[in-house]
file protein_23.cif (mmCIF, C-alpha atoms)
data_upload
#
loop_
_atom_site.group_PDB
_atom_site.id
_atom_site.type_symbol
_atom_site.label_atom_id
_atom_site.label_comp_id
_atom_site.auth_asym_id
_atom_site.auth_seq_id
_atom_site.Cartn_x
_atom_site.Cartn_y
_atom_site.Cartn_z
ATOM 1 C CA MET A 15 34.326 20.883 -78.534
ATOM 2 C CA TYR A 16 34.482 17.146 -79.188
ATOM 3 C CA ARG A 17 36.170 15.167 -76.410
ATOM 4 C CA LYS A 18 37.979 12.050 -77.562
ATOM 5 C CA LYS A 19 37.298 8.782 -75.795
ATOM 6 C CA ILE A 20 39.770 6.029 -74.995
ATOM 7 C CA SER A 21 38.835 2.445 -74.180
ATOM 8 C CA ILE A 22 41.127 0.769 -71.646
ATOM 9 C CA ILE A 23 41.067 -2.977 -72.345
ATOM 10 C CA ILE A 24 42.263 -5.135 -69.447
ATOM 11 C CA PRO A 25 42.410 -8.947 -69.831
ATOM 12 C CA VAL A 26 42.165 -10.599 -66.406
ATOM 13 C CA TYR A 27 43.078 -14.089 -65.286
ATOM 14 C CA ASN A 28 43.337 -14.636 -61.522
ATOM 15 C CA GLU A 29 44.356 -11.050 -60.751
ATOM 16 C CA ALA A 30 42.274 -10.540 -57.579
ATOM 17 C CA GLY A 31 45.232 -9.015 -55.778
ATOM 18 C CA ASN A 32 45.711 -6.368 -58.485
ATOM 19 C CA ILE A 33 42.269 -5.340 -59.717
ATOM 20 C CA LYS A 34 41.285 -2.699 -57.132
ATOM 21 C CA TRP A 35 44.779 -1.150 -57.054
ATOM 22 C CA HIS A 36 45.012 -1.109 -60.838
ATOM 23 C CA TYR A 37 41.520 0.371 -61.225
ATOM 24 C CA ASP A 38 42.417 3.199 -58.834
ATOM 25 C CA THR A 39 45.599 3.822 -60.844
ATOM 26 C CA VAL A 40 43.674 4.121 -64.127
ATOM 27 C CA VAL A 41 41.006 6.400 -62.629
ATOM 28 C CA GLN A 42 43.644 8.625 -61.060
ATOM 29 C CA TYR A 43 45.438 8.950 -64.387
ATOM 30 C CA PHE A 44 42.353 10.286 -66.186
ATOM 31 C CA LYS A 45 41.408 12.789 -63.486
ATOM 32 C CA GLY A 46 41.534 16.340 -64.837
ATOM 33 C CA LYS A 47 42.321 15.231 -68.400
ATOM 34 C CA ASN A 48 40.286 16.546 -71.330
ATOM 35 C CA ILE A 49 39.488 13.055 -72.524
ATOM 36 C CA ASP A 50 36.746 10.517 -71.787
ATOM 37 C CA LYS A 51 37.382 6.910 -70.872
ATOM 38 C CA GLU A 52 35.771 3.533 -70.615
ATOM 39 C CA ILE A 53 37.367 0.595 -68.805
ATOM 40 C CA ILE A 54 36.633 -2.850 -70.195
ATOM 41 C CA TYR A 55 37.612 -5.890 -68.142
ATOM 42 C CA ILE A 56 37.680 -9.303 -69.769
ATOM 43 C CA ASN A 57 37.570 -12.031 -67.147
ATOM 44 C CA ASP A 58 39.246 -14.965 -68.858
ATOM 45 C CA GLY A 59 37.802 -17.774 -66.723
ATOM 46 C CA SER A 60 39.434 -16.720 -63.448
ATOM 47 C CA SER A 61 39.118 -19.203 -60.568
ATOM 48 C CA ASP A 62 39.670 -16.588 -57.837
ATOM 49 C CA SER A 63 37.488 -13.623 -56.832
ATOM 50 C CA SER A 64 38.460 -11.498 -59.869
ATOM 51 C CA LEU A 65 34.947 -11.510 -61.357
ATOM 52 C CA ASP A 66 33.320 -10.476 -58.057
ATOM 53 C CA LEU A 67 35.718 -7.542 -57.733
ATOM 54 C CA ILE A 68 35.170 -6.461 -61.329
ATOM 55 C CA SER A 69 31.384 -6.727 -60.992
ATOM 56 C CA ASP A 70 31.461 -4.635 -57.814
ATOM 57 C CA ILE A 71 33.524 -1.933 -59.538
ATOM 58 C CA ALA A 72 31.170 -1.925 -62.551
ATOM 59 C CA ASP A 73 28.148 -1.451 -60.242
ATOM 60 C CA LYS A 74 29.722 1.695 -58.810
ATOM 61 C CA ASP A 75 31.317 3.198 -61.923
ATOM 62 C CA LYS A 76 29.279 3.753 -65.108
ATOM 63 C CA ASP A 77 32.500 3.955 -67.137
ATOM 64 C CA VAL A 78 33.362 0.343 -66.323
ATOM 65 C CA ARG A 79 32.112 -2.564 -68.425
ATOM 66 C CA PHE A 80 33.101 -6.202 -68.346
ATOM 67 C CA ILE A 81 32.936 -9.495 -70.187
ATOM 68 C CA SER A 82 33.290 -12.813 -68.390
ATOM 69 C CA PHE A 83 34.183 -15.968 -70.324
ATOM 70 C CA SER A 84 32.697 -19.343 -69.404
ATOM 71 C CA ARG A 85 36.240 -20.724 -69.093
ATOM 72 C CA ASN A 86 39.820 -19.756 -69.838
ATOM 73 C CA PHE A 87 40.153 -19.088 -73.584
ATOM 74 C CA GLY A 88 43.518 -17.306 -73.432
ATOM 75 C CA LYS A 89 44.738 -13.733 -73.545
ATOM 76 C CA GLU A 90 44.442 -13.390 -77.324
ATOM 77 C CA ALA A 91 40.726 -14.239 -77.233
ATOM 78 C CA ALA A 92 40.251 -11.867 -74.289
ATOM 79 C CA THR A 93 41.986 -9.031 -76.121
ATOM 80 C CA THR A 94 39.846 -9.655 -79.203
ATOM 81 C CA ALA A 95 36.652 -9.583 -77.139
ATOM 82 C CA GLY A 96 37.716 -6.304 -75.556
ATOM 83 C CA LEU A 97 38.437 -4.683 -78.912
ATOM 84 C CA ARG A 98 35.080 -5.820 -80.271
ATOM 85 C CA LYS A 99 33.252 -4.377 -77.253
ATOM 86 C CA SER A 100 35.170 -1.084 -77.220
ATOM 87 C CA SER A 101 33.515 2.138 -78.370
ATOM 88 C CA GLY A 102 36.360 4.635 -77.950
ATOM 89 C CA ASP A 103 38.163 6.655 -80.610
ATOM 90 C CA ALA A 104 41.133 4.496 -79.646
ATOM 91 C CA ALA A 105 41.771 1.530 -77.380
ATOM 92 C CA VAL A 106 44.699 0.820 -75.086
ATOM 93 C CA ILE A 107 45.527 -2.795 -74.222
ATOM 94 C CA VAL A 108 47.055 -3.022 -70.756
ATOM 95 C CA ASP A 109 47.811 -5.829 -68.300
ATOM 96 C CA ALA A 110 46.239 -5.750 -64.839
ATOM 97 C CA ASP A 111 49.423 -6.642 -62.956
ATOM 98 C CA GLY A 112 51.028 -3.184 -63.121
ATOM 99 C CA GLN A 113 53.845 -4.120 -65.486
ATOM 100 C CA HIS A 114 52.387 -1.795 -68.117
ATOM 101 C CA PRO A 115 52.781 1.604 -66.386
ATOM 102 C CA ILE A 116 49.662 3.749 -66.922
ATOM 103 C CA LYS A 117 51.696 6.966 -66.925
ATOM 104 C CA THR A 118 53.128 5.857 -70.296
ATOM 105 C CA LEU A 119 49.736 6.713 -71.821
ATOM 106 C CA ASP A 120 50.857 10.362 -71.917
ATOM 107 C CA ARG A 121 53.343 9.478 -74.655
ATOM 108 C CA PHE A 122 50.909 7.078 -76.348
ATOM 109 C CA ILE A 123 48.275 9.799 -76.642
ATOM 110 C CA GLU A 124 50.860 12.357 -77.749
ATOM 111 C CA GLU A 125 51.936 10.115 -80.654
ATOM 112 C CA TRP A 126 48.308 9.340 -81.483
ATOM 113 C CA ASN A 127 47.521 13.049 -81.702
ATOM 114 C CA LYS A 128 50.406 13.377 -84.160
ATOM 115 C CA GLY A 129 48.551 11.090 -86.547
ATOM 116 C CA PHE A 130 49.919 7.642 -85.719
ATOM 117 C CA ARG A 131 47.140 5.037 -85.747
ATOM 118 C CA ILE A 132 49.149 2.406 -83.842
ATOM 119 C CA VAL A 133 51.440 3.155 -80.903
ATOM 120 C CA VAL A 134 53.302 0.117 -79.564
ATOM 121 C CA GLY A 135 55.036 -0.081 -76.193
ATOM 122 C CA VAL A 136 58.586 -1.445 -76.334
ATOM 123 C CA ARG A 137 59.923 -2.881 -73.085
ATOM 124 C CA GLN A 138 63.431 -1.630 -72.268
ATOM 125 C CA SER A 139 63.782 -3.482 -68.985
ATOM 126 C CA ASN A 140 61.741 -5.821 -66.832
ATOM 127 C CA THR A 141 62.277 -6.012 -63.072
ATOM 128 C CA LYS A 142 63.205 -9.547 -61.944
ATOM 129 C CA GLU A 143 62.769 -10.981 -65.426
ATOM 130 C CA GLY A 144 64.272 -14.459 -65.593
ATOM 131 C CA PHE A 145 67.183 -15.436 -67.836
ATOM 132 C CA ILE A 146 65.110 -17.870 -69.915
ATOM 133 C CA LYS A 147 62.265 -15.415 -70.456
ATOM 134 C CA ARG A 148 64.584 -12.509 -71.280
ATOM 135 C CA TYR A 149 66.721 -14.273 -73.857
ATOM 136 C CA GLY A 150 63.888 -16.500 -75.046
ATOM 137 C CA SER A 151 61.980 -13.331 -75.926
ATOM 138 C CA LYS A 152 64.953 -11.985 -77.858
ATOM 139 C CA LEU A 153 65.266 -15.274 -79.762
ATOM 140 C CA PHE A 154 61.532 -15.213 -80.524
ATOM 141 C CA TYR A 155 61.676 -11.727 -82.016
ATOM 142 C CA PHE A 156 64.865 -12.507 -83.947
ATOM 143 C CA ILE A 157 63.205 -15.499 -85.603
ATOM 144 C CA SER A 158 59.928 -13.626 -86.061
ATOM 145 C CA GLU A 159 61.649 -10.747 -87.863
ATOM 146 C CA LYS A 160 63.325 -13.213 -90.235
ATOM 147 C CA ILE A 161 60.292 -15.294 -91.169
ATOM 148 C CA SER A 162 57.305 -13.013 -90.659
ATOM 149 C CA ASP A 163 55.485 -11.384 -93.547
ATOM 150 C CA SER A 164 54.930 -8.257 -91.412
ATOM 151 C CA ASP A 165 57.342 -6.027 -89.531
ATOM 152 C CA SER A 166 57.844 -6.249 -85.786
ATOM 153 C CA LEU A 167 60.300 -4.712 -83.362
ATOM 154 C CA SER A 168 62.219 -6.692 -80.770
ATOM 155 C CA ALA A 169 60.787 -6.332 -77.234
ATOM 156 C CA SER A 170 57.501 -4.898 -78.526
ATOM 157 C CA THR A 171 54.541 -5.812 -76.321
ATOM 158 C CA ASP A 172 50.748 -6.012 -76.303
ATOM 159 C CA PHE A 173 50.806 -2.712 -74.361
ATOM 160 C CA SER A 174 49.653 -0.497 -77.187
ATOM 161 C CA LEU A 175 47.218 2.148 -78.395
ATOM 162 C CA ILE A 176 45.115 1.283 -81.439
ATOM 163 C CA ASP A 177 43.055 3.827 -83.364
ATOM 164 C CA ARG A 178 39.361 3.195 -84.103
ATOM 165 C CA LYS A 179 40.065 2.787 -87.833
ATOM 166 C CA VAL A 180 42.486 -0.050 -87.086
ATOM 167 C CA ILE A 181 40.101 -1.607 -84.558
ATOM 168 C CA ASN A 182 37.310 -1.729 -87.127
ATOM 169 C CA GLU A 183 39.567 -3.545 -89.597
ATOM 170 C CA PHE A 184 40.906 -5.852 -86.878
ATOM 171 C CA ASN A 185 37.367 -6.855 -85.941
ATOM 172 C CA LEU A 186 36.858 -8.210 -89.474
ATOM 173 C CA LEU A 187 39.613 -10.806 -88.993
ATOM 174 C CA ASN A 188 38.249 -14.186 -87.920
ATOM 175 C CA GLU A 189 41.094 -16.693 -87.560
ATOM 176 C CA HIS A 190 41.257 -18.630 -84.303
ATOM 177 C CA ASN A 191 44.992 -19.137 -83.806
ATOM 178 C CA ARG A 192 45.772 -15.458 -83.505
ATOM 179 C CA ILE A 193 48.499 -13.253 -82.143
ATOM 180 C CA THR A 194 47.015 -9.788 -81.665
ATOM 181 C CA ARG A 195 50.205 -7.838 -82.277
ATOM 182 C CA GLY A 196 50.927 -9.912 -85.401
ATOM 183 C CA LEU A 197 47.477 -9.223 -86.840
ATOM 184 C CA VAL A 198 47.742 -5.517 -86.033
ATOM 185 C CA ASN A 199 51.129 -5.428 -87.777
ATOM 186 C CA TRP A 200 49.647 -7.218 -90.782
ATOM 187 C CA LEU A 201 46.914 -4.580 -91.107
ATOM 188 C CA GLY A 202 49.507 -1.905 -91.784
ATOM 189 C CA PHE A 203 48.610 1.723 -90.971
ATOM 190 C CA LYS A 204 50.942 4.397 -89.640
ATOM 191 C CA LYS A 205 52.787 3.058 -86.598
ATOM 192 C CA THR A 206 55.329 4.239 -84.056
ATOM 193 C CA TYR A 207 56.959 2.934 -80.885
ATOM 194 C CA VAL A 208 57.262 4.179 -77.315
ATOM 195 C CA ASN A 209 59.888 2.807 -74.932
ATOM 196 C CA PHE A 210 58.994 2.010 -71.332
ATOM 197 C CA ASN A 211 60.520 0.297 -68.318
ATOM 198 C CA SER A 212 58.420 -2.518 -66.895
ATOM 199 C CA PRO A 213 58.168 -2.503 -63.068
ATOM 200 C CA GLU A 214 57.714 -5.572 -60.902
ATOM 201 C CA ARG A 215 54.245 -7.105 -60.664
ATOM 202 C CA HIS A 216 52.133 -5.410 -58.008
ATOM 203 C CA SER A 217 50.861 -8.730 -56.691
ATOM 204 C CA GLY A 218 50.755 -12.421 -57.527
ATOM 205 C CA LYS A 219 52.629 -14.468 -60.087
ATOM 206 C CA ALA A 220 52.518 -14.436 -63.882
ATOM 207 C CA SER A 221 49.964 -16.916 -65.249
ATOM 208 C CA TYR A 222 51.912 -17.621 -68.460
ATOM 209 C CA SER A 223 54.061 -20.734 -68.028
ATOM 210 C CA TYR A 224 57.047 -21.472 -70.249
ATOM 211 C CA ARG A 225 54.940 -24.150 -71.928
ATOM 212 C CA LYS A 226 52.237 -21.616 -72.826
ATOM 213 C CA LEU A 227 54.832 -19.121 -74.044
ATOM 214 C CA LEU A 228 56.466 -21.775 -76.248
ATOM 215 C CA LYS A 229 53.099 -22.763 -77.705
ATOM 216 C CA LEU A 230 52.255 -19.108 -78.337
ATOM 217 C CA ALA A 231 55.590 -18.572 -80.096
ATOM 218 C CA LEU A 232 55.158 -21.635 -82.326
ATOM 219 C CA HIS A 233 51.636 -20.656 -83.350
ATOM 220 C CA SER A 234 52.852 -17.123 -83.969
ATOM 221 C CA PHE A 235 55.433 -18.423 -86.437
ATOM 222 C CA VAL A 236 53.020 -20.616 -88.397
ATOM 223 C CA SER A 237 50.081 -18.185 -88.363
ATOM 224 C CA ASN A 238 52.054 -15.186 -89.623
ATOM 225 C CA SER A 239 54.102 -16.855 -92.357
ATOM 226 C CA THR A 240 54.552 -19.990 -94.436
ATOM 227 C CA LYS A 241 58.303 -19.434 -94.609
ATOM 228 C CA PRO A 242 59.019 -22.230 -92.073
ATOM 229 C CA LEU A 243 57.617 -24.700 -94.608
ATOM 230 C CA GLN A 244 59.797 -23.182 -97.324
ATOM 231 C CA ILE A 245 62.841 -23.365 -95.052
ATOM 232 C CA THR A 246 62.326 -27.088 -94.439
ATOM 233 C CA GLY A 247 62.129 -27.671 -98.197
ATOM 234 C CA ILE A 248 65.372 -25.760 -98.780
ATOM 235 C CA LEU A 249 67.010 -27.574 -95.878
ATOM 236 C CA GLY A 250 65.907 -30.938 -97.259
ATOM 237 C CA LEU A 251 67.339 -30.098 -100.686
ATOM 238 C CA ALA A 252 70.628 -28.961 -99.114
ATOM 239 C CA VAL A 253 70.919 -32.201 -97.122
ATOM 240 C CA MET A 254 70.237 -34.256 -100.246
ATOM 241 C CA LEU A 255 73.001 -32.479 -102.181
ATOM 242 C CA LEU A 256 75.497 -32.667 -99.318
ATOM 243 C CA SER A 257 74.697 -36.332 -98.710
ATOM 244 C CA ALA A 258 75.158 -37.160 -102.397
ATOM 245 C CA LEU A 259 78.455 -35.266 -102.637
ATOM 246 C CA ALA A 260 79.798 -36.761 -99.398
ATOM 247 C CA SER A 261 78.814 -40.270 -100.450
ATOM 248 C CA MET A 262 80.485 -39.842 -103.845
ATOM 249 C CA TYR A 263 83.657 -38.537 -102.193
ATOM 250 C CA LEU A 264 83.871 -41.447 -99.751
ATOM 251 C CA VAL A 265 83.174 -44.034 -102.477
ATOM 252 C CA VAL A 266 85.915 -42.582 -104.675
ATOM 253 C CA GLU A 267 88.343 -42.251 -101.736
ATOM 254 C CA LYS A 268 87.767 -45.775 -100.416
ATOM 255 C CA TYR A 269 86.949 -47.918 -103.413
ATOM 256 C CA LEU A 270 88.544 -46.223 -106.418
ATOM 257 C CA LEU A 271 91.682 -44.754 -104.818
ATOM 258 C CA GLY A 272 92.181 -47.477 -102.239
ATOM 259 C CA ASP A 273 91.750 -45.319 -99.125
ATOM 260 C CA PRO A 274 94.966 -43.232 -99.400
ATOM 261 C CA LEU A 275 93.876 -41.154 -96.396
ATOM 262 C CA ASN A 276 93.450 -44.291 -94.225
ATOM 263 C CA LEU A 277 89.969 -43.269 -93.096
ATOM 264 C CA ASN A 278 88.938 -46.914 -92.670
ATOM 265 C CA ILE A 279 85.237 -46.058 -92.880
ATOM 266 C CA THR A 280 82.972 -49.021 -93.545
ATOM 267 C CA GLY A 281 79.998 -48.845 -95.874
ATOM 268 C CA SER A 282 77.551 -49.656 -93.098
ATOM 269 C CA ALA A 283 78.938 -46.823 -90.978
ATOM 270 C CA ILE A 284 78.481 -44.371 -93.838
ATOM 271 C CA LEU A 285 74.932 -45.583 -94.389
ATOM 272 C CA ALA A 286 74.053 -45.403 -90.693
ATOM 273 C CA LEU A 287 75.445 -41.884 -90.400
ATOM 274 C CA PHE A 288 73.411 -40.487 -93.264
ATOM 275 C CA LEU A 289 70.269 -42.405 -92.361
ATOM 276 C CA SER A 290 70.387 -41.102 -88.788
ATOM 277 C CA PHE A 291 70.816 -37.529 -89.961
ATOM 278 C CA LEU A 292 68.018 -37.764 -92.502
ATOM 279 C CA ILE A 293 65.652 -39.448 -90.049
ATOM 280 C CA GLY A 294 66.245 -36.640 -87.556
ATOM 281 C CA LEU A 295 65.536 -34.058 -90.241
ATOM 282 C CA ILE A 296 62.337 -35.845 -91.271
ATOM 283 C CA LEU A 297 61.124 -35.931 -87.686
ATOM 284 C CA ILE A 298 61.751 -32.196 -87.278
ATOM 285 C CA CYS A 299 59.838 -31.509 -90.477
ATOM 286 C CA GLN A 300 56.974 -33.696 -89.313
ATOM 287 C CA TRP A 301 56.842 -31.781 -86.035
ATOM 288 C CA LEU A 302 56.574 -28.503 -87.904
ATOM 289 C CA LEU A 303 53.941 -29.893 -90.261
ATOM 290 C CA ALA A 304 51.973 -31.132 -87.246
ATOM 291 C CA ILE A 305 51.717 -27.556 -85.986
ATOM 292 C CA TYR A 306 50.310 -26.446 -89.324
ATOM 293 C CA ILE A 307 47.866 -29.351 -89.325
ATOM 294 C CA GLU A 308 46.756 -28.397 -85.824
ATOM 295 C CA SER A 309 46.104 -24.845 -86.987
ATOM 296 C CA ILE A 310 44.099 -26.109 -89.975
ATOM 297 C CA HIS A 311 42.163 -28.447 -87.685
ATOM 298 C CA ASN A 312 41.216 -25.625 -85.323
ATOM 299 C CA GLU A 313 40.123 -23.376 -88.176
ATOM 300 C CA THR A 314 37.963 -26.020 -89.901
ATOM 301 C CA GLN A 315 36.131 -26.774 -86.635
ATOM 302 C CA ASN A 316 34.682 -23.260 -86.895
ATOM 303 C CA ARG A 317 34.050 -23.030 -83.167
ATOM 304 C CA PRO A 318 33.421 -19.602 -81.629
ATOM 305 C CA LEU A 319 36.569 -17.783 -80.571
ATOM 306 C CA TYR A 320 35.113 -17.286 -77.106
ATOM 307 C CA ILE A 321 31.861 -17.726 -75.188
ATOM 308 C CA ILE A 322 30.453 -14.919 -73.032
ATOM 309 C CA GLU A 323 28.767 -16.049 -69.855
ATOM 310 C CA GLU A 324 27.964 -12.584 -68.490
ATOM 311 C CA GLU A 325 28.405 -8.942 -69.477
ATOM 312 C CA ASN A 326 26.980 -5.545 -68.713
#
call {"tool": "encode", "arguments": {"input": "protein_23.cif", "output": "structure tokens"}}
result
Amino acid sequence: MYRKKISIIIPVYNEAGNIKWHYDTVVQYFKGKNIDKEIIYINDGSSDSSLDLISDIADKDKDVRFISFSRNFGKEAATTAGLRKSSGDAAVIVDADGQHPIKTLDRFIEEWNKGFRIVVGVRQSNTKEGFIKRYGSKLFYFISEKISDSDSLSASTDFSLIDRKVINEFNLLNEHNRITRGLVNWLGFKKTYVNFNSPERHSGKASYSYRKLLKLALHSFVSNSTKPLQITGILGLAVMLLSALASMYLVVEKYLLGDPLNLNITGSAILALFLSFLIGLILICQWLLAIYIESIHNETQNRPLYIIEEEN
């Protein structure tokens, strides 16, 4: 009887305090199960002893493989490298800090066996999650659902199971500014969701700063849809119409009717008000266009998505 195989993909950046504990957790989960596994670590330019720990584990366990980047290329590049290296019938993307509980794989695999090719973990709660991160995430998904060309569910995470068919199609995508979950959503295929509660990190601090999260969110918006550009055009047209109507009203009220409402608004004040508003709008539009230009710049450079320094 054919035994299915699952690839566990674990991006790592300065997780020395979690690697051994997390590895033991994964191994313990698969004990006694009628399913094969491979564990793929992607060391994303860690500056601590993460690579040494991973290499030591790989020497002792034939089911463990690893990739080590020459520097930090980011989690999205690490996830992509792991999916390209995977050989399982499905792959599970999981963080090394313990906030993606391994026991949830029971429900992932159950849904996969039902025929779903993508099973996405949806975080219901996160221990000690900060106010900014919690509500910033909700705002991100609200905006994403409105402007994205693909469907996404609020609080969905990278913690997911992806079938081999989807992985093969994903590996054909070559853009550099990528959000893995956005690309997987874009591919389509039969998808379902599994709720989970995220525990506190086992050790250490999260490596994603608010600055990195903001940058990731902005690139997610511009890489998954051109609607932000359309919105700025509509907004510009609306401001033009409102400005024209307001200017006509004030001219009629002040100069033709003799200011019966006693507004006492000078022409220079009216001009300054509208110029200030329009200048602010132009600057916002330029900021958005700059993000698109940055994305185009990165794509036209045609640099490799990542560079492997060592692998087994």
call {"tool": "residues_around", "arguments": {"input": "protein_23.cif", "residues": "region 49-53 of chain A", "least_positions_apart": "3", "cutoff": "10 Å", "atoms": "all atoms listed in the file", "output": "ChimeraX atom specification"}}
result
/A:16-24,37,40-41,44-46,56,72,75-80,96,100-106
call {"tool": "closest_residue", "arguments": {"input": "protein_23.cif", "among": "A:Lys128, A:Lys99, A:Lys179, A:Arg215", "to": "Trp35 (chain A)", "atoms": "all atoms listed in the file"}}
result
A:Arg215
call {"tool": "closest_residue", "arguments": {"input": "protein_23.cif", "among": "A:Leu251, A:Leu264, A:Ile310, A:Val26", "to": "Phe87 (chain A)", "atoms": "only C-alpha atoms"}}
result
A:Val26
call {"tool": "atom_distance", "arguments": {"input": "protein_23.cif", "atom1": "CA of Val134 (chain A)", "atom2": "CA of Gln42 (chain A)"}}
result
22.5 Å
call {"tool": "resolve_selection", "arguments": {"input": "protein_23.cif", "expression": "the PyMOL selection byres ((chain A and resi 126) around 10)", "output": "mmCIF file with C-alpha atoms, in the frame of the given file"}}
result
data_model
loop_
_atom_site.group_PDB
_atom_site.id
_atom_site.type_symbol
_atom_site.label_atom_id
_atom_site.label_comp_id
_atom_site.auth_asym_id
_atom_site.auth_seq_id
_atom_site.Cartn_x
_atom_site.Cartn_y
_atom_site.Cartn_z
ATOM 1 C CA ALA A 104 41.133 4.496 -79.646
ATOM 2 C CA ASP A 120 50.857 10.362 -71.917
ATOM 3 C CA ARG A 121 53.343 9.478 -74.655
ATOM 4 C CA PHE A 122 50.909 7.078 -76.348
ATOM 5 C CA ILE A 123 48.275 9.799 -76.642
ATOM 6 C CA GLU A 124 50.860 12.357 -77.749
ATOM 7 C CA GLU A 125 51.936 10.115 -80.654
ATOM 8 C CA ASN A 127 47.521 13.049 -81.702
ATOM 9 C CA LYS A 128 50.406 13.377 -84.160
ATOM 10 C CA GLY A 129 48.551 11.090 -86.547
ATOM 11 C CA PHE A 130 49.919 7.642 -85.719
ATOM 12 C CA ARG A 131 47.140 5.037 -85.747
ATOM 13 C CA ILE A 132 49.149 2.406 -83.842
ATOM 14 C CA VAL A 133 51.440 3.155 -80.903
ATOM 15 C CA LEU A 175 47.218 2.148 -78.395
ATOM 16 C CA ILE A 176 45.115 1.283 -81.439
ATOM 17 C CA ASP A 177 43.055 3.827 -83.364
ATOM 18 C CA LYS A 204 50.942 4.397 -89.640
ATOM 19 C CA LYS A 205 52.787 3.058 -86.598
ATOM 20 C CA THR A 206 55.329 4.239 -84.056
#
call {"tool": "resolve_selection", "arguments": {"input": "protein_23.cif", "expression": "the PyMOL selection byres ((chain A and resi 58) around 9)", "output": "PyMOL selection string"}}
result
chain A and resi 25-28+56-57+59-60+81-89+91-92
call {"tool": "write_last_selection", "arguments": {"input": "protein_23.cif", "atoms": "C-alpha atoms", "output": "CSV table (one decimal), in the frame of the given file"}}
result
chain,number,residue,atom,x,y,z
A,25,PRO,CA,42.4,-8.9,-69.8
A,26,VAL,CA,42.2,-10.6,-66.4
A,27,TYR,CA,43.1,-14.1,-65.3
A,28,ASN,CA,43.3,-14.6,-61.5
A,56,ILE,CA,37.7,-9.3,-69.8
A,57,ASN,CA,37.6,-12.0,-67.1
A,59,GLY,CA,37.8,-17.8,-66.7
A,60,SER,CA,39.4,-16.7,-63.4
A,81,ILE,CA,32.9,-9.5,-70.2
A,82,SER,CA,33.3,-12.8,-68.4
A,83,PHE,CA,34.2,-16.0,-70.3
A,84,SER,CA,32.7,-19.3,-69.4
A,85,ARG,CA,36.2,-20.7,-69.1
A,86,ASN,CA,39.8,-19.8,-69.8
A,87,PHE,CA,40.2,-19.1,-73.6
A,88,GLY,CA,43.5,-17.3,-73.4
A,89,LYS,CA,44.7,-13.7,-73.5
A,91,ALA,CA,40.7,-14.2,-77.2
A,92,ALA,CA,40.3,-11.9,-74.3
call {"tool": "closest_residue", "arguments": {"input": "protein_23.cif", "among": "A:Thr94, A:Asn188, A:Asn32, A:Ser170", "to": "Ile68 (chain A)", "atoms": "all atoms listed in the file"}}
result
A:Asn32
call {"tool": "atom_distance", "arguments": {"input": "protein_23.cif", "atom1": "CA of Asn209 (chain A)", "atom2": "CA of Val136 (chain A)"}}
result
4.7 Å
call {"tool": "atom_distance", "arguments": {"input": "protein_23.cif", "atom1": "CA of Ala30 (chain A)", "atom2": "CA of Asp66 (chain A)"}}
result
9.0 Å
call {"tool": "resolve_selection", "arguments": {"input": "protein_23.cif", "expression": "the PyMOL selection byres ((chain A and resi 173) around 6)", "output": "list of chain:residue names"}}
result
A:Ile107, A:Val108, A:Gly135, A:Thr171, A:Asp172, A:Ser174
call {"tool": "closest_residue", "arguments": {"input": "protein_23.cif", "among": "A:Ser217, A:Gln113, A:Thr93, A:Ile71", "to": "Ile193 (chain A)", "atoms": "only C-alpha atoms"}}
result
A:Thr93
call {"tool": "closest_residue", "arguments": {"input": "protein_23.cif", "among": "A:Ala258, A:Leu97, A:Leu285, A:Ile248", "to": "Arg178 (chain A)", "atoms": "all atoms listed in the file"}}
result
A:Leu97
call {"tool": "closest_residue", "arguments": {"input": "protein_23.cif", "among": "A:Leu67, A:Val265, A:Ile54, A:Ile33", "to": "Glu325 (chain A)", "atoms": "only C-alpha atoms"}}
result
A:Ile54
call {"tool": "residues_around", "arguments": {"input": "protein_23.cif", "residues": "Ala260 (chain A)", "least_positions_apart": "6", "cutoff": "10 Å", "atoms": "only C-alpha atoms", "output": "number ranges by chain"}}
result
A: 254, 266, 284, 288
call {"tool": "build_atoms", "arguments": {"input": "protein_23.cif", "residues": "region 115-122 of chain A", "atoms": "N, CA and C atoms", "output": "tab-separated table (two decimals), in the coordinates of the input"}}
result
chain	number	residue	atom	x	y	z
A	115	PRO	N	53.02	0.38	-67.17
A	115	PRO	CA	52.78	1.60	-66.39
A	115	PRO	C	51.80	2.55	-67.07
A	116	ILE	N	50.73	2.92	-66.36
A	116	ILE	CA	49.66	3.75	-66.92
A	116	ILE	C	50.19	5.13	-67.32
A	117	LYS	N	51.18	5.63	-66.61
A	117	LYS	CA	51.70	6.97	-66.92
A	117	LYS	C	52.27	7.04	-68.34
A	118	THR	N	52.61	5.88	-68.93
A	118	THR	CA	53.13	5.86	-70.30
A	118	THR	C	52.07	6.30	-71.30
A	119	LEU	N	50.80	6.29	-70.91
A	119	LEU	CA	49.74	6.71	-71.82
A	119	LEU	C	49.91	8.16	-72.28
A	120	ASP	N	50.59	8.98	-71.48
A	120	ASP	CA	50.86	10.36	-71.92
A	120	ASP	C	51.56	10.37	-73.26
A	121	ARG	N	52.58	9.52	-73.40
A	121	ARG	CA	53.34	9.48	-74.66
A	121	ARG	C	52.56	8.76	-75.75
A	122	PHE	N	51.76	7.75	-75.37
A	122	PHE	CA	50.91	7.08	-76.35
A	122	PHE	C	49.96	8.08	-77.00
